[in-house]
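Shown below: query_28.txt, with compact mmCIF, C-alpha atoms.
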# COMPACT_ATOMS: atom_id res chain seq x y z
CA SER B 1 -32.18 34.86 -47.30
CA ARG B 2 -29.53 37.41 -48.13
CA VAL B 3 -32.11 40.21 -47.86
CA GLN B 4 -33.25 38.97 -44.46
CA SER B 5 -29.67 38.67 -43.29
CA ALA B 6 -28.89 42.20 -44.47
CA TRP B 7 -32.05 43.56 -42.89
CA GLY B 8 -31.18 41.84 -39.63
CA GLY B 9 -27.73 43.41 -39.75
CA VAL B 10 -29.28 46.86 -40.28
CA LYS B 11 -31.59 46.38 -37.30
CA THR B 12 -28.71 45.19 -35.15
CA HIS B 13 -26.67 48.20 -36.20
CA ARG B 14 -29.56 50.54 -35.39
CA ARG B 15 -30.04 48.95 -31.97
CA GLY B 16 -26.34 49.30 -31.27
CA THR B 17 -26.38 52.96 -32.36
CA LEU B 18 -29.44 53.72 -30.22
CA ALA B 19 -27.84 52.00 -27.26
CA ARG B 20 -24.67 54.06 -27.66
CA GLU B 21 -26.70 57.28 -27.97
CA GLU B 22 -28.70 56.35 -24.89
CA ARG B 23 -25.55 55.69 -22.88
CA ARG B 24 -24.08 58.99 -24.07
CA PHE B 25 -27.26 60.84 -23.13
CA ASN B 26 -27.32 59.20 -19.68
CA ARG B 27 -23.69 60.19 -19.08
CA SER B 28 -24.45 63.79 -20.07
CA LEU B 29 -27.50 63.80 -17.84
CA ASN B 30 -25.50 62.40 -14.93
CA ASP B 31 -22.77 65.02 -15.47
CA PHE B 32 -25.39 67.78 -15.49
CA GLN B 33 -27.03 66.46 -12.31
CA SER B 34 -23.61 66.24 -10.66
CA LEU B 35 -22.89 69.85 -11.64
CA VAL B 36 -26.23 71.01 -10.23
CA MET B 37 -25.57 69.14 -6.99
CA LYS B 38 -22.10 70.66 -6.67
CA SER B 39 -23.52 74.13 -7.30
CA SER B 40 -26.22 73.56 -4.69
CA LEU B 41 -23.62 72.37 -2.17
CA LEU B 42 -21.51 75.43 -2.95
CA PHE B 43 -24.42 77.79 -2.33
CA GLN B 44 -25.30 75.92 0.86
CA ARG B 45 -21.74 76.36 2.11
CA LEU B 46 -21.77 80.03 1.14
CA ASN B 47 -25.09 80.42 2.89
CA SER B 48 -23.61 79.00 6.09
CA LEU B 49 -20.58 81.31 5.93
CA PRO B 50 -20.69 85.04 6.72
CA CYS B 51 -18.75 85.87 3.56
CA TRP B 52 -21.47 87.72 1.63
CA PRO B 53 -20.43 91.19 2.89
CA TRP B 54 -16.95 90.63 1.47
CA ILE B 55 -18.33 89.40 -1.87
CA LEU B 56 -20.52 92.49 -2.21
CA LEU B 57 -17.71 94.75 -1.01
CA ILE B 58 -15.28 93.44 -3.65
CA VAL B 59 -17.88 93.48 -6.44
CA GLY B 60 -18.94 97.00 -5.44
CA LEU B 61 -15.44 98.44 -5.07
CA ILE B 62 -14.05 97.39 -8.46
CA PRO B 63 -16.31 99.57 -10.70
CA ARG B 64 -16.40 102.37 -8.14
CA ILE B 65 -12.64 102.64 -7.94
CA ILE B 66 -12.38 102.66 -11.74
CA LEU B 67 -15.12 105.29 -12.15
CA SER B 68 -13.75 107.47 -9.35
CA LEU B 69 -10.38 107.97 -11.05
CA GLY B 70 -10.30 111.58 -12.21
CA SER B 71 -14.04 112.05 -11.77
CA SER B 72 -15.83 115.00 -10.23
CA PRO B 73 -19.41 115.37 -8.95
CA VAL B 74 -22.17 115.81 -11.50
CA LEU B 75 -24.15 118.95 -10.72
CA TRP B 76 -27.82 119.53 -11.53
CA PRO B 77 -30.02 122.60 -10.97
CA ASP B 78 -31.16 121.14 -7.64
CA SER B 79 -27.53 120.46 -6.69
CA ILE B 80 -26.82 124.18 -6.43
CA THR B 81 -29.65 124.58 -3.92
CA TYR B 82 -28.46 121.62 -1.84
CA LEU B 83 -24.87 122.87 -1.83
CA GLY B 84 -26.02 126.39 -0.91
CA SER B 85 -27.98 125.09 2.06
CA ALA B 86 -25.04 122.88 3.06
CA ALA B 87 -22.68 125.86 2.88
CA LEU B 88 -24.94 127.87 5.19
CA MET B 89 -25.05 124.97 7.64
CA ALA B 90 -21.28 124.50 7.51
CA ASP B 91 -20.31 128.19 7.68
CA GLU B 92 -23.02 129.56 9.96
CA GLY B 93 -23.46 126.48 12.13
CA ASN B 94 -27.22 126.96 11.93
CA TYR B 95 -28.93 123.84 10.65
CA TRP B 96 -32.24 125.60 10.09
CA LEU B 97 -30.89 127.72 7.26
CA HIS B 98 -32.28 125.87 4.25
CA GLU B 99 -35.21 126.18 1.89
CA ILE B 100 -38.27 125.05 3.81
CA TYR B 101 -39.72 123.00 0.94
CA ARG B 102 -36.63 120.80 0.76
CA THR B 103 -35.75 118.05 3.23
CA PRO B 104 -32.82 119.06 5.45
CA MET B 105 -31.17 115.62 5.66
CA TYR B 106 -29.27 115.82 2.38
CA PRO B 107 -27.87 119.35 2.94
CA LEU B 108 -26.87 118.19 6.43
CA PHE B 109 -25.10 115.23 4.84
CA LEU B 110 -23.30 117.55 2.40
CA SER B 111 -22.28 119.93 5.17
CA ILE B 112 -20.10 117.28 6.86
CA PRO B 113 -17.35 117.17 4.20
CA MET B 114 -17.82 120.90 3.62
CA ARG B 115 -16.95 121.65 7.25
CA ILE B 116 -13.85 119.45 6.97
CA PHE B 117 -12.46 120.54 3.60
CA GLY B 118 -14.18 123.89 3.10
CA HIS B 119 -15.16 125.10 -0.36
CA THR B 120 -12.53 123.08 -2.23
CA ALA B 121 -12.40 120.35 -4.86
CA GLU B 122 -11.70 117.83 -2.11
CA THR B 123 -15.22 118.44 -0.80
CA GLY B 124 -16.72 117.20 -4.07
CA GLU B 125 -14.48 114.13 -4.08
CA CYS B 126 -15.45 113.39 -0.47
CA ILE B 127 -19.16 113.71 -1.32
CA VAL B 128 -18.78 111.16 -4.11
CA PHE B 129 -16.78 108.87 -1.80
CA LEU B 130 -19.45 109.02 0.92
CA GLN B 131 -22.19 108.30 -1.61
CA ARG B 132 -20.20 105.33 -2.91
CA CYS B 133 -20.07 104.03 0.65
CA LEU B 134 -23.83 104.52 0.99
CA GLY B 135 -24.31 102.56 -2.24
CA ILE B 136 -22.34 99.58 -0.91
CA ALA B 137 -24.14 99.79 2.44
CA SER B 138 -27.45 99.82 0.56
CA SER B 139 -26.45 96.61 -1.23
CA TRP B 140 -25.84 94.94 2.15
CA LEU B 141 -29.29 96.01 3.34
CA LEU B 142 -30.83 94.82 0.06
CA PHE B 143 -29.15 91.44 0.53
CA LEU B 144 -30.66 91.08 4.02
CA ILE B 145 -34.10 92.10 2.74
CA LEU B 146 -34.04 89.67 -0.20
CA ARG B 147 -32.62 86.80 1.87
CA ARG B 148 -35.46 87.20 4.36
CA ALA B 149 -38.04 87.33 1.57
CA PHE B 150 -36.56 84.70 -0.79
CA ASN B 151 -33.25 82.84 -0.43
CA TYR B 152 -29.48 83.28 -0.53
CA ARG B 153 -29.09 83.01 -4.31
CA VAL B 154 -31.79 85.59 -5.04
CA ALA B 155 -30.34 87.92 -2.41
CA LEU B 156 -26.78 87.68 -3.70
CA GLY B 157 -27.80 88.00 -7.35
CA GLY B 158 -30.12 90.95 -6.72
CA SER B 159 -27.52 92.77 -4.62
CA ILE B 160 -24.83 92.31 -7.28
CA LEU B 161 -27.18 93.60 -9.98
CA PHE B 162 -27.91 96.62 -7.78
CA LEU B 163 -24.20 97.28 -7.24
CA LEU B 164 -23.43 97.07 -10.97
CA SER B 165 -26.46 99.09 -12.10
CA PRO B 166 -25.27 101.97 -14.34
CA LEU B 167 -28.05 104.18 -12.98
CA GLN B 168 -26.97 103.56 -9.37
CA LEU B 169 -23.32 104.23 -10.26
CA PHE B 170 -24.32 107.45 -12.01
CA TYR B 171 -26.43 108.75 -9.12
CA GLU B 172 -23.60 108.05 -6.69
CA THR B 173 -21.60 110.62 -8.66
CA SER B 174 -24.44 113.16 -8.76
CA VAL B 175 -25.16 115.68 -6.02
CA LEU B 176 -28.76 114.56 -5.61
CA THR B 177 -30.85 112.92 -2.90
CA LYS B 178 -31.32 109.63 -4.77
CA VAL B 179 -28.53 107.63 -3.07
CA GLN B 180 -29.40 108.80 0.43
CA PHE B 181 -33.11 108.19 -0.18
CA THR B 182 -32.40 104.63 -1.41
CA PHE B 183 -30.29 103.92 1.68
CA PHE B 184 -32.97 105.11 4.11
CA LEU B 185 -35.66 103.26 2.12
CA PHE B 186 -33.73 100.00 2.53
CA VAL B 187 -33.21 100.77 6.22
CA PHE B 188 -36.98 101.20 6.58
CA LEU B 189 -37.75 97.96 4.69
CA TRP B 190 -35.18 95.94 6.64
CA THR B 191 -36.39 97.34 9.98
CA THR B 192 -40.02 96.71 9.06
CA GLY B 193 -39.27 93.12 8.05
CA ALA B 194 -37.33 92.50 11.27
CA MET B 195 -40.15 93.86 13.41
CA LEU B 196 -42.78 91.83 11.58
CA GLU B 197 -40.62 88.72 11.89
CA ARG B 198 -40.40 89.20 15.65
CA GLY B 199 -44.11 89.89 15.98
CA HIS B 200 -43.77 93.57 16.96
CA VAL B 201 -46.77 94.60 14.86
CA GLY B 202 -48.07 96.96 17.56
CA THR B 203 -44.74 98.79 17.74
CA LEU B 204 -44.66 99.07 13.98
CA ALA B 205 -48.16 100.55 13.88
Show this structure as structure tokens.
Amino acid sequence: SRVQSAWGGVKTHRRGTLAREERRFNRSLNDFQSLVMKSSLLFQRLNSLPCWPWILLIVGLIPRIILSLGSSPVLWPDSITYLGSAALMADEGNYWLHEIYRTPMYPLFLSIPMRIFGHTAETGECIVFLQRCLGIASSWLLFLILRRAFNYRVALGGSILFLLSPLQLFYETSVLTKVQFTFFLFVFLWTTGAMLERGHVGTLA
């Protein structure tokens, strides 16, 4: 009798413990579901507001301002050729004076600050500044491309990763075609997607 009574008490205690654990688990599950719902509502509100350019601008400016303090352009062997062609364009005013096997767009881009500041250190700082601006503009285009292809969260996350990429930040400091090429590539992809979305396949072809 005592054994049965004790065994019954153990079973009652176990049932009470399991019930408490079940209630605790259900509360945790409800809290998690509530958090997911709040996050979804937040993203839905963000998706309905045109605030994403400001988010990307702030995220993009912080590391670029820090890295631009006391920095100068990184020069590569190809950089000398680009700067030489840009100097001819800026000084001579003849935009055909460049090596024929290189695309003229980047030397033309470099010649703009060179015509304003001349052959000074400010020209290099202006080149880096303009490439930083192209990097942020590229993130906006990437956001539009990813939002059309996927959704708001993927677009915002991918654009932030692009803005904070060490390789992208490094190339924005280098006198190379990479940043300009990336910008025009995103322009092409965004334009192509917009034309396909509107059914202008014949125009695209």
message: At a cut-off of 8 Å, using only C-alpha atoms, what residues contact Arg132 (chain B)? Leave out same-chain residues fewer than 5 positions from it and give the result as a PyMOL selection string.
response: chain B and resi 64+172-173
message: Can you measure CA of Ala87 (chain B) to CA of Lys178 (chain B) for me? One decimal in Å is fine.
response: 19.9 Å
- request: Rank nothing, just name the residue among B:Thr182, B:Pro107, B:Phe162, B:Ile66 nearest to Leu134 (chain B), using only C-alpha atoms.
  value: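 Smallest separation from Leu134 (chain B) among the options: B:Thr182.
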Which of B:Trp76, B:Phe186, B:Phe170, B:Phe181 sits closest to Pro63 (chain B) [using only C-alpha atoms]: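 Ranked by minimum distance to Pro63 (chain B), first place goes to B:Phe170.
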task: Could you check how far CA of Gln180 (chain B) sits from CA of Ile55 (chain B), in Å to one decimal?
output: 22.5 Å
Two-atom distance - CA of Leu110 (chain B), CA of Phe143 (chain B) (Å): 26.8 Å
message: With distances taken over only C-alpha atoms, which residue among B:Phe117, B:Ser165, B:Thr81, B:Leu156 lies nearest Thr103 (chain B)?
response: B:Thr81
Protein, DNA and RNA residues within 12 Å of (-17.7, 113.8, -2.7), only C-alpha atoms, as number ranges by chain: B: 68, 71-75, 83, 109-114, 116-117, 119-134, 171-176
